[in-house]
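Okay, model38.txt is below, compact mmCIF, C-alpha atoms:
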```txt
# COMPACT_ATOMS: atom_id res chain seq x y z
CA MET N 24 -5.33 4.70 -20.82
CA LEU N 25 -7.29 5.50 -24.00
CA VAL N 26 -6.00 2.27 -25.55
CA ALA N 27 -7.10 0.32 -22.46
CA LEU N 28 -10.54 1.97 -22.64
CA ALA N 29 -10.92 1.07 -26.31
CA ALA N 30 -9.83 -2.52 -25.63
CA ASN N 31 -12.30 -2.86 -22.75
CA LEU N 32 -15.14 -1.55 -24.91
CA VAL N 33 -14.32 -3.97 -27.74
CA ILE N 34 -14.17 -6.88 -25.28
CA ALA N 35 -17.46 -5.77 -23.69
CA VAL N 36 -19.20 -5.70 -27.07
CA ALA N 37 -17.80 -9.12 -27.99
CA LYS N 38 -18.94 -10.61 -24.68
CA ALA N 39 -22.39 -9.04 -24.95
CA VAL N 40 -22.95 -10.26 -28.53
CA GLY N 41 -21.63 -13.72 -27.67
CA GLY N 42 -23.73 -13.85 -24.51
CA LEU N 43 -26.92 -12.87 -26.34
CA LEU N 44 -26.34 -15.33 -29.18
CA ALA N 45 -25.40 -18.17 -26.83
CA GLY N 46 -27.89 -17.27 -24.07
CA SER N 47 -25.05 -17.53 -21.54
CA PRO N 48 -25.62 -15.79 -18.17
CA ALA N 49 -21.93 -16.06 -17.24
CA LEU N 50 -20.85 -14.43 -20.52
CA LEU N 51 -23.42 -11.65 -20.08
CA SER N 52 -22.14 -11.12 -16.53
CA GLU N 53 -18.63 -10.77 -17.89
CA ALA N 54 -19.96 -8.26 -20.44
CA ALA N 55 -21.31 -6.20 -17.54
CA HIS N 56 -17.92 -6.58 -15.84
CA SER N 57 -16.15 -5.16 -18.91
CA VAL N 58 -18.65 -2.29 -19.14
CA ALA N 59 -17.98 -1.49 -15.49
CA ASP N 60 -14.23 -1.51 -16.14
CA SER N 61 -14.75 0.81 -19.12
CA LEU N 62 -16.81 3.13 -16.97
CA ASN N 63 -14.01 3.14 -14.42
CA GLU N 64 -11.55 4.14 -17.15
CA VAL N 65 -13.83 7.02 -18.18
CA PHE N 66 -14.07 8.24 -14.60
CA LEU N 67 -10.30 7.96 -14.20
CA LEU N 68 -9.75 10.02 -17.34
CA ALA N 69 -12.13 12.67 -16.01
CA ALA N 70 -10.34 12.61 -12.66
CA LEU N 71 -6.92 13.06 -14.28
CA HIS N 72 -8.16 16.00 -16.32
CA ARG N 73 -10.05 17.79 -13.57
CA SER N 74 -7.56 17.17 -10.75
CA ARG N 75 -4.78 18.93 -12.68
CA ARG N 76 -6.50 22.30 -12.54
CA PRO N 77 -4.47 24.86 -10.59
CA ALA N 78 -5.61 26.21 -7.25
CA ASP N 79 -7.88 29.25 -7.27
CA ARG N 80 -9.65 31.47 -4.76
CA GLN N 81 -12.57 29.08 -4.39
CA HIS N 82 -10.32 26.04 -3.97
CA PRO N 83 -7.02 27.31 -2.50
CA PHE N 84 -5.67 23.78 -1.95
CA GLY N 85 -6.27 22.75 -5.54
CA TYR N 86 -8.46 20.08 -7.11
CA GLY N 87 -6.45 16.98 -6.21
CA LYS N 88 -9.37 15.38 -4.37
CA GLU N 89 -11.35 15.30 -7.63
CA ARG N 90 -9.66 11.93 -8.21
CA PHE N 91 -11.14 10.51 -5.03
CA PHE N 92 -14.61 11.78 -5.90
CA TRP N 93 -14.55 10.17 -9.35
CA SER N 94 -13.18 6.97 -7.82
CA LEU N 95 -16.25 6.90 -5.57
CA LEU N 96 -18.52 7.27 -8.62
CA ALA N 97 -16.61 4.45 -10.31
CA ALA N 98 -17.21 2.22 -7.29
CA VAL N 99 -20.94 2.94 -7.46
CA GLY N 100 -20.92 2.16 -11.18
CA ILE N 101 -19.14 -1.16 -10.66
CA PHE N 102 -21.62 -2.10 -7.92
CA VAL N 103 -24.74 -1.22 -9.94
CA MET N 104 -23.71 -2.10 -13.51
CA GLY N 105 -21.42 -5.02 -12.74
CA GLY N 106 -22.35 -6.64 -9.46
CA CYS N 107 -26.12 -6.19 -9.50
CA PHE N 108 -26.45 -7.20 -13.16
CA SER N 109 -24.41 -10.35 -12.54
CA PHE N 110 -26.64 -11.27 -9.60
CA LEU N 111 -29.75 -10.77 -11.74
CA GLN N 112 -28.32 -12.97 -14.51
CA GLY N 113 -27.47 -15.74 -12.06
CA ILE N 114 -30.87 -15.66 -10.34
CA GLU N 115 -32.71 -15.57 -13.68
CA ALA N 116 -30.75 -18.59 -14.92
CA LEU N 117 -31.57 -20.53 -11.74
CA ARG N 118 -35.25 -19.71 -12.04
CA ASN N 119 -35.84 -20.21 -15.78
CA GLY N 120 -32.81 -22.17 -16.96
CA ALA N 121 -30.63 -21.41 -19.96
CA GLU N 122 -30.44 -23.61 -23.04
CA GLU N 123 -27.32 -23.29 -25.19
CA SER N 124 -26.40 -24.94 -28.48
CA LEU N 125 -23.00 -26.45 -29.18
CA GLY N 126 -22.24 -23.51 -31.44
CA GLY N 127 -23.16 -21.15 -28.63
CA TYR N 128 -20.78 -22.90 -26.25
CA VAL N 129 -17.96 -22.77 -28.79
CA ALA N 130 -18.53 -19.09 -29.60
CA GLY N 131 -18.74 -18.17 -25.93
CA LEU N 132 -15.60 -20.06 -25.00
CA ILE N 133 -13.69 -18.48 -27.88
CA VAL N 134 -14.74 -14.99 -26.79
CA LEU N 135 -13.80 -15.72 -23.18
CA GLY N 136 -10.47 -17.23 -24.27
CA VAL N 137 -9.56 -14.09 -26.23
CA ALA N 138 -10.67 -11.92 -23.29
CA LEU N 139 -8.58 -14.00 -20.88
CA LEU N 140 -5.53 -13.58 -23.09
CA ALA N 141 -6.02 -9.80 -23.35
CA GLU N 142 -6.66 -9.35 -19.63
CA GLY N 143 -3.74 -11.63 -18.74
CA VAL N 144 -1.33 -9.60 -20.87
CA SER N 145 -2.56 -6.39 -19.24
CA LEU N 146 -2.11 -7.92 -15.76
CA LEU N 147 1.43 -9.07 -16.57
CA ARG N 148 2.33 -5.57 -17.79
CA ALA N 149 0.94 -4.06 -14.58
CA LEU N 150 2.87 -6.55 -12.42
CA HIS N 151 6.03 -5.79 -14.39
CA GLN N 152 5.51 -2.11 -13.64
CA VAL N 153 5.13 -2.95 -9.94
CA ARG N 154 8.47 -4.80 -9.98
CA ARG N 155 10.14 -1.87 -11.72
CA GLN N 156 8.93 0.43 -8.95
CA GLY N 157 10.29 -1.73 -6.16
CA GLY N 158 7.97 -4.70 -5.73
CA LYS N 159 5.46 -4.20 -2.93
CA GLY N 160 6.61 -0.60 -2.61
CA GLY N 161 5.21 0.07 -6.06
CA LEU N 162 1.72 -0.80 -4.86
CA ARG N 163 1.75 2.34 -2.71
CA ASP N 164 0.95 4.21 -5.91
CA PRO N 165 -2.88 4.36 -5.83
CA ALA N 166 -3.20 4.45 -9.62
CA LEU N 167 -0.96 1.41 -10.12
CA ARG N 168 -2.68 -0.43 -7.27
CA THR N 169 -6.05 0.19 -8.92
CA VAL N 170 -4.82 -1.07 -12.30
CA VAL N 171 -3.45 -4.27 -10.74
CA ALA N 172 -6.72 -4.83 -8.83
CA GLU N 173 -8.85 -4.28 -11.95
CA ASP N 174 -6.74 -6.56 -14.15
CA GLY N 175 -6.58 -9.26 -11.48
CA THR N 176 -10.35 -9.09 -11.01
CA ALA N 177 -10.90 -9.28 -14.77
CA VAL N 178 -8.72 -12.38 -15.11
CA LEU N 179 -10.48 -14.07 -12.19
CA GLY N 180 -13.92 -13.15 -13.53
CA VAL N 181 -13.20 -14.52 -17.01
CA THR N 182 -11.79 -17.71 -15.47
CA LEU N 183 -14.97 -18.20 -13.44
CA ALA N 184 -17.09 -17.68 -16.55
CA ILE N 185 -15.05 -20.24 -18.54
CA ILE N 186 -15.33 -22.82 -15.75
CA GLY N 187 -19.07 -22.25 -15.38
CA MET N 188 -19.74 -22.48 -19.12
CA ALA N 189 -17.54 -25.58 -19.53
CA LEU N 190 -19.28 -27.39 -16.65
CA HIS N 191 -22.67 -26.40 -18.07
CA MET N 192 -21.67 -27.85 -21.44
CA ILE N 193 -20.34 -31.08 -19.89
CA THR N 194 -23.12 -31.76 -17.35
CA GLY N 195 -26.05 -30.00 -18.99
CA GLN N 196 -26.81 -28.37 -15.61
CA VAL N 197 -27.31 -24.60 -15.78
CA VAL N 198 -26.58 -24.32 -12.07
CA TRP N 199 -22.86 -24.27 -12.84
CA GLU N 200 -23.08 -21.27 -15.12
CA ALA N 201 -25.56 -19.53 -12.83
CA SER N 202 -23.20 -20.07 -9.92
CA ALA N 203 -20.35 -18.58 -11.96
CA SER N 204 -22.50 -15.52 -12.66
CA LEU N 205 -23.30 -15.14 -8.95
CA ALA N 206 -19.62 -15.56 -8.07
CA ILE N 207 -18.70 -12.80 -10.54
CA GLY N 208 -21.34 -10.62 -8.88
CA VAL N 209 -19.84 -11.25 -5.45
CA LEU N 210 -16.38 -10.44 -6.79
CA LEU N 211 -17.52 -7.15 -8.32
CA VAL N 212 -19.43 -6.09 -5.21
CA TYR N 213 -16.34 -6.74 -3.11
CA VAL N 214 -14.13 -4.70 -5.47
CA ALA N 215 -16.70 -1.88 -5.48
CA TYR N 216 -16.77 -1.92 -1.68
CA ARG N 217 -12.97 -1.68 -1.44
CA LEU N 218 -12.79 1.14 -3.99
CA GLY N 219 -15.64 3.00 -2.32
CA ARG N 220 -14.11 2.61 1.14
CA ASP N 221 -10.74 3.94 -0.02
CA ALA N 222 -12.36 6.89 -1.79
CA ARG N 223 -14.44 7.67 1.30
CA ASP N 224 -11.38 7.69 3.57
CA GLN N 225 -9.52 10.01 1.21
CA LEU N 226 -12.45 12.38 0.78
CA ILE N 227 -12.93 12.63 4.54
CA GLY N 228 -9.25 13.44 4.98
CA GLU N 229 -6.81 10.54 5.21
CA ALA N 230 -3.39 11.01 6.78
CA ALA N 231 -0.24 10.47 4.77
CA ASP N 232 1.62 7.18 4.93
CA PRO N 233 3.28 6.61 8.35
CA GLU N 234 6.70 6.36 6.68
CA LEU N 235 6.32 9.78 5.08
CA ALA N 236 5.09 11.29 8.36
CA ASP N 237 8.08 9.79 10.20
CA ARG N 238 10.46 11.29 7.63
CA ILE N 239 8.96 14.73 8.21
CA ARG N 240 9.02 14.31 11.99
CA ASN N 241 12.66 13.19 11.96
CA LEU N 242 13.59 16.10 9.71
CA LEU N 243 11.96 18.56 12.12
CA ARG N 244 13.63 16.99 15.14
CA ALA N 245 17.01 17.22 13.40
CA GLN N 246 16.77 21.01 13.19
CA PRO N 247 19.00 22.56 15.90
CA GLU N 248 16.57 25.44 16.48
CA ILE N 249 13.63 23.10 17.26
CA ASP N 250 13.43 22.06 20.90
CA SER N 251 10.53 19.63 20.37
CA VAL N 252 7.80 18.67 17.91
CA GLU N 253 4.56 18.97 19.86
CA ALA N 254 2.23 17.74 17.09
CA LEU N 255 2.36 16.74 13.44
CA PHE N 256 -0.70 16.51 11.19
CA THR N 257 -0.78 15.34 7.57
CA MET N 258 -3.59 14.97 5.05
CA LYS N 259 -3.62 13.70 1.46
CA MET N 260 -4.86 16.44 -0.86
CA GLY N 261 -4.36 14.36 -4.00
CA LEU N 262 -2.38 11.39 -5.28
CA ASP N 263 0.93 13.26 -5.03
CA CYS N 264 -0.01 16.14 -2.75
CA VAL N 265 0.18 16.20 1.04
CA MET N 266 -0.64 19.02 3.44
CA VAL N 267 1.62 19.20 6.51
CA ALA N 268 0.87 21.12 9.69
CA ALA N 269 3.32 20.98 12.61
CA ARG N 270 3.27 22.55 16.06
CA ILE N 271 6.89 23.11 17.11
CA ASP N 272 8.63 24.54 20.17
CA LEU N 273 11.78 26.49 19.34
CA VAL N 274 14.80 26.92 21.58
CA PRO N 275 14.56 30.03 23.79
CA GLY N 276 16.25 33.34 22.98
CA LEU N 277 15.22 33.72 19.32
CA ASP N 278 13.88 37.08 18.11
CA SER N 279 10.99 37.40 15.67
CA GLU N 280 13.18 37.89 12.59
CA LYS N 281 15.20 34.78 13.42
CA VAL N 282 12.00 32.77 13.92
CA GLU N 283 10.74 33.87 10.50
CA GLU N 284 14.06 32.96 8.87
CA ILE N 285 14.07 29.53 10.54
CA SER N 286 10.48 28.83 9.51
CA VAL N 287 11.21 29.60 5.85
CA ARG N 288 14.32 27.40 5.89
CA ILE N 289 12.48 24.48 7.51
CA LYS N 290 9.64 24.69 4.97
CA ARG N 291 12.12 24.65 2.09
CA SER N 292 13.94 21.70 3.64
CA ILE N 293 10.70 19.73 3.95
CA ALA N 294 9.78 20.58 0.34
CA ARG N 295 13.17 19.32 -0.90
CA THR N 296 13.12 16.14 1.18
CA VAL N 297 9.42 15.33 0.68
CA PRO N 298 8.29 16.63 -2.75
CA GLU N 299 4.71 15.52 -2.02
CA ALA N 300 4.47 18.08 0.81
CA ASP N 301 3.40 21.04 -1.30
CA GLN N 302 1.54 22.76 1.56
CA VAL N 303 3.51 23.20 4.83
CA PHE N 304 2.26 25.12 7.86
CA LEU N 305 4.33 25.65 11.01
CA ASP N 306 2.78 26.73 14.28
CA VAL N 307 5.54 28.03 16.57
CA THR N 308 4.42 27.57 20.16
CA ASP N 309 5.89 27.59 23.66
CA ARG N 310 5.62 24.16 25.26
CA ARG N 311 5.65 25.58 28.79
CA THR N 312 2.91 28.06 27.96
CA GLU N 313 0.81 25.30 26.40
CA ARG N 314 1.20 23.11 29.48
CA LYS N 315 0.12 25.95 31.75
CA ARG N 316 -2.86 26.65 29.55
CA GLU N 317 -3.92 22.98 29.66
CA SER N 318 -3.28 22.50 33.41
CA PRO N 319 -6.20 22.03 35.83
CA ALA N 320 -5.33 25.33 37.53
CA ALA N 321 -5.67 27.23 34.26
CA THR N 322 -8.85 25.51 33.15
CA GLY N 323 -10.60 25.59 36.52
CA GLU N 324 -10.94 21.81 36.70
CA ARG N 325 -10.95 20.00 40.02
CA GLY N 326 -7.55 19.13 41.43
CA GLY N 327 -5.90 22.43 40.43
CA ALA N 328 -3.71 24.36 42.83
```
Translate the structure of the given file into structure tokens.
Amino acid sequence: MLVALAANLVIAVAKAVGGLLAGSPALLSEAAHSVADSLNEVFLLAALHRSRRPADRQHPFGYGKERFFWSLLAAVGIFVMGGCFSFLQGIEALRNGAEESLGGYVAGLIVLGVALLAEGVSLLRALHQVRRQGGKGGLRDPALRTVVAEDGTAVLGVTLAIIGMALHMITGQVVWEASASLAIGVLLVYVAYRLGRDARDQLIGEAADPELADRIRNLLRAQPEIDSVEALFTMKMGLDCVMVAARIDLVPGLDSEKVEEISVRIKRSIARTVPEADQVFLDVTDRRTERKRESPAATGERGGA
């Protein structure tokens, strides 16, 4: 990750210098894009460091959600530094024009070509990692999904900048390069929106994947002492941490010591089968008692006996 951060910073500097020398709005927009990616790497490094802190009295469930908070900040940074700056560059070019020399075109295209090569190699490595982790199943890893999205966006953004600059050089019309800058802005705003939406859902309290929840539910139903699973609640506490709370009805005739022994065994079974479930809470209830409590007769609602 530190190598990727250093590479992004070098590319950002190269794009910024080339964009200033050539007066290219598309190249400057791509420089803002690289700065936004670098900022995202910094936030991710902070998230990895802070989310690994052990649980304490103030935060008994740990600091796993720190990653989601920093992801939200990264989304804001991409929107402001990347998307808004690209929009400003495109609008300014449409209003005042942008004159570039042949040397400026050549320098800009060389910088973009090197950036495209670097970003393309990074994207291929990320896609190879996805295939190693089971194809589409590998994209369930939030970190890997984010890397693929960032690299794919970077490749698309550089491609748009190259097309815009080339058409500007061929036609002499700055509208092509300005349009490329605006398109890069739209792309970055969309990526920022998706990242921000995902971080918001996880900060609010997003349930675990349906497949993982079904595995836990099936495991509970397979226990001979469990008569029924009345409710199952899950919530992501971090990238690899899930809290599980289940309301179960046990078979009749079990004493308190047996119930305690069964509960401990079920928790250990869930922890072995689903390593992500590091917090498991079981609420042993009586289904018949719950139904009586919720009946109209018990609540005083109309229609009760």
Item to check | Test item: residues at most 12 Å from Val214 (chain N), all atoms listed in the file, excluding those fewer than 4 positions along its chain, as a PyMOL selection string | outcome: chain N and resi 56+59-60+63+94-95+97-102+105-106+169+171-177+180+207-210+218-221
Could you name the residues that touch region 131-137 of chain N at 12 Å or less, counting all atoms listed in the file, but leaving out those on the same chain fewer than 4 positions away, as a CSV table (one decimal) with C-alpha atoms, keeping the file's coordinate frame?
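For reference, selection.csv as written:
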```csv
chain,number,residue,atom,x,y,z
N,30,ALA,CA,-9.8,-2.5,-25.6
N,33,VAL,CA,-14.3,-4.0,-27.7
N,34,ILE,CA,-14.2,-6.9,-25.3
N,35,ALA,CA,-17.5,-5.8,-23.7
N,36,VAL,CA,-19.2,-5.7,-27.1
N,37,ALA,CA,-17.8,-9.1,-28.0
N,38,LYS,CA,-18.9,-10.6,-24.7
N,39,ALA,CA,-22.4,-9.0,-25.0
N,40,VAL,CA,-23.0,-10.3,-28.5
N,41,GLY,CA,-21.6,-13.7,-27.7
N,42,GLY,CA,-23.7,-13.8,-24.5
N,43,LEU,CA,-26.9,-12.9,-26.3
N,44,LEU,CA,-26.3,-15.3,-29.2
N,45,ALA,CA,-25.4,-18.2,-26.8
N,46,GLY,CA,-27.9,-17.3,-24.1
N,47,SER,CA,-25.0,-17.5,-21.5
N,48,PRO,CA,-25.6,-15.8,-18.2
N,49,ALA,CA,-21.9,-16.1,-17.2
N,50,LEU,CA,-20.8,-14.4,-20.5
N,51,LEU,CA,-23.4,-11.6,-20.1
N,52,SER,CA,-22.1,-11.1,-16.5
N,53,GLU,CA,-18.6,-10.8,-17.9
N,54,ALA,CA,-20.0,-8.3,-20.4
N,57,SER,CA,-16.2,-5.2,-18.9
N,123,GLU,CA,-27.3,-23.3,-25.2
N,124,SER,CA,-26.4,-24.9,-28.5
N,125,LEU,CA,-23.0,-26.4,-29.2
N,126,GLY,CA,-22.2,-23.5,-31.4
N,127,GLY,CA,-23.2,-21.2,-28.6
N,141,ALA,CA,-6.0,-9.8,-23.4
N,142,GLU,CA,-6.7,-9.4,-19.6
N,143,GLY,CA,-3.7,-11.6,-18.7
N,144,VAL,CA,-1.3,-9.6,-20.9
N,177,ALA,CA,-10.9,-9.3,-14.8
N,178,VAL,CA,-8.7,-12.4,-15.1
N,179,LEU,CA,-10.5,-14.1,-12.2
N,180,GLY,CA,-13.9,-13.2,-13.5
N,181,VAL,CA,-13.2,-14.5,-17.0
N,182,THR,CA,-11.8,-17.7,-15.5
N,183,LEU,CA,-15.0,-18.2,-13.4
N,184,ALA,CA,-17.1,-17.7,-16.6
N,185,ILE,CA,-15.0,-20.2,-18.5
N,186,ILE,CA,-15.3,-22.8,-15.8
N,187,GLY,CA,-19.1,-22.2,-15.4
N,188,MET,CA,-19.7,-22.5,-19.1
N,189,ALA,CA,-17.5,-25.6,-19.5
N,190,LEU,CA,-19.3,-27.4,-16.6
N,191,HIS,CA,-22.7,-26.4,-18.1
N,192,MET,CA,-21.7,-27.8,-21.4
```
Next on the checklist: Nearest residue to Arg223 (chain N) out of N:Phe66, N:Gly276, N:Trp93, N:Phe84, using all atoms listed in the file?
Outcome noted: N:Trp93
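Comparing N:Ala236, N:Val197, N:Leu273, N:Val103 by their smallest distance to Leu255 (chain N), the closest is N:Ala236 (using all atoms listed in the file).
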Checklist entry - Which residues come within 10 Å of Thr308 (chain N), counting only C-alpha atoms, excluding same-chain residues fewer than 5 positions away, as a ChimeraX atom specification? => result /N:252-253,270-273,313
Next on the checklist: I want to know what sits within 9 Å of region 73-81 of chain N, based on all atoms listed in the file, with residues of the same chain fewer than 6 positions away left out; could you give that as a list in words?
Outcome noted: Gly87, Lys88, Glu89, Arg90 and Gly261 of chain N
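Here CA of Ser61 (chain N) is placed at a distance of 26.8 Å from CA of Cys264 (chain N).
The gap separating CA of Gly195 (chain N) from CA of Leu139 (chain N) is 23.8 Å, in Å to one decimal.
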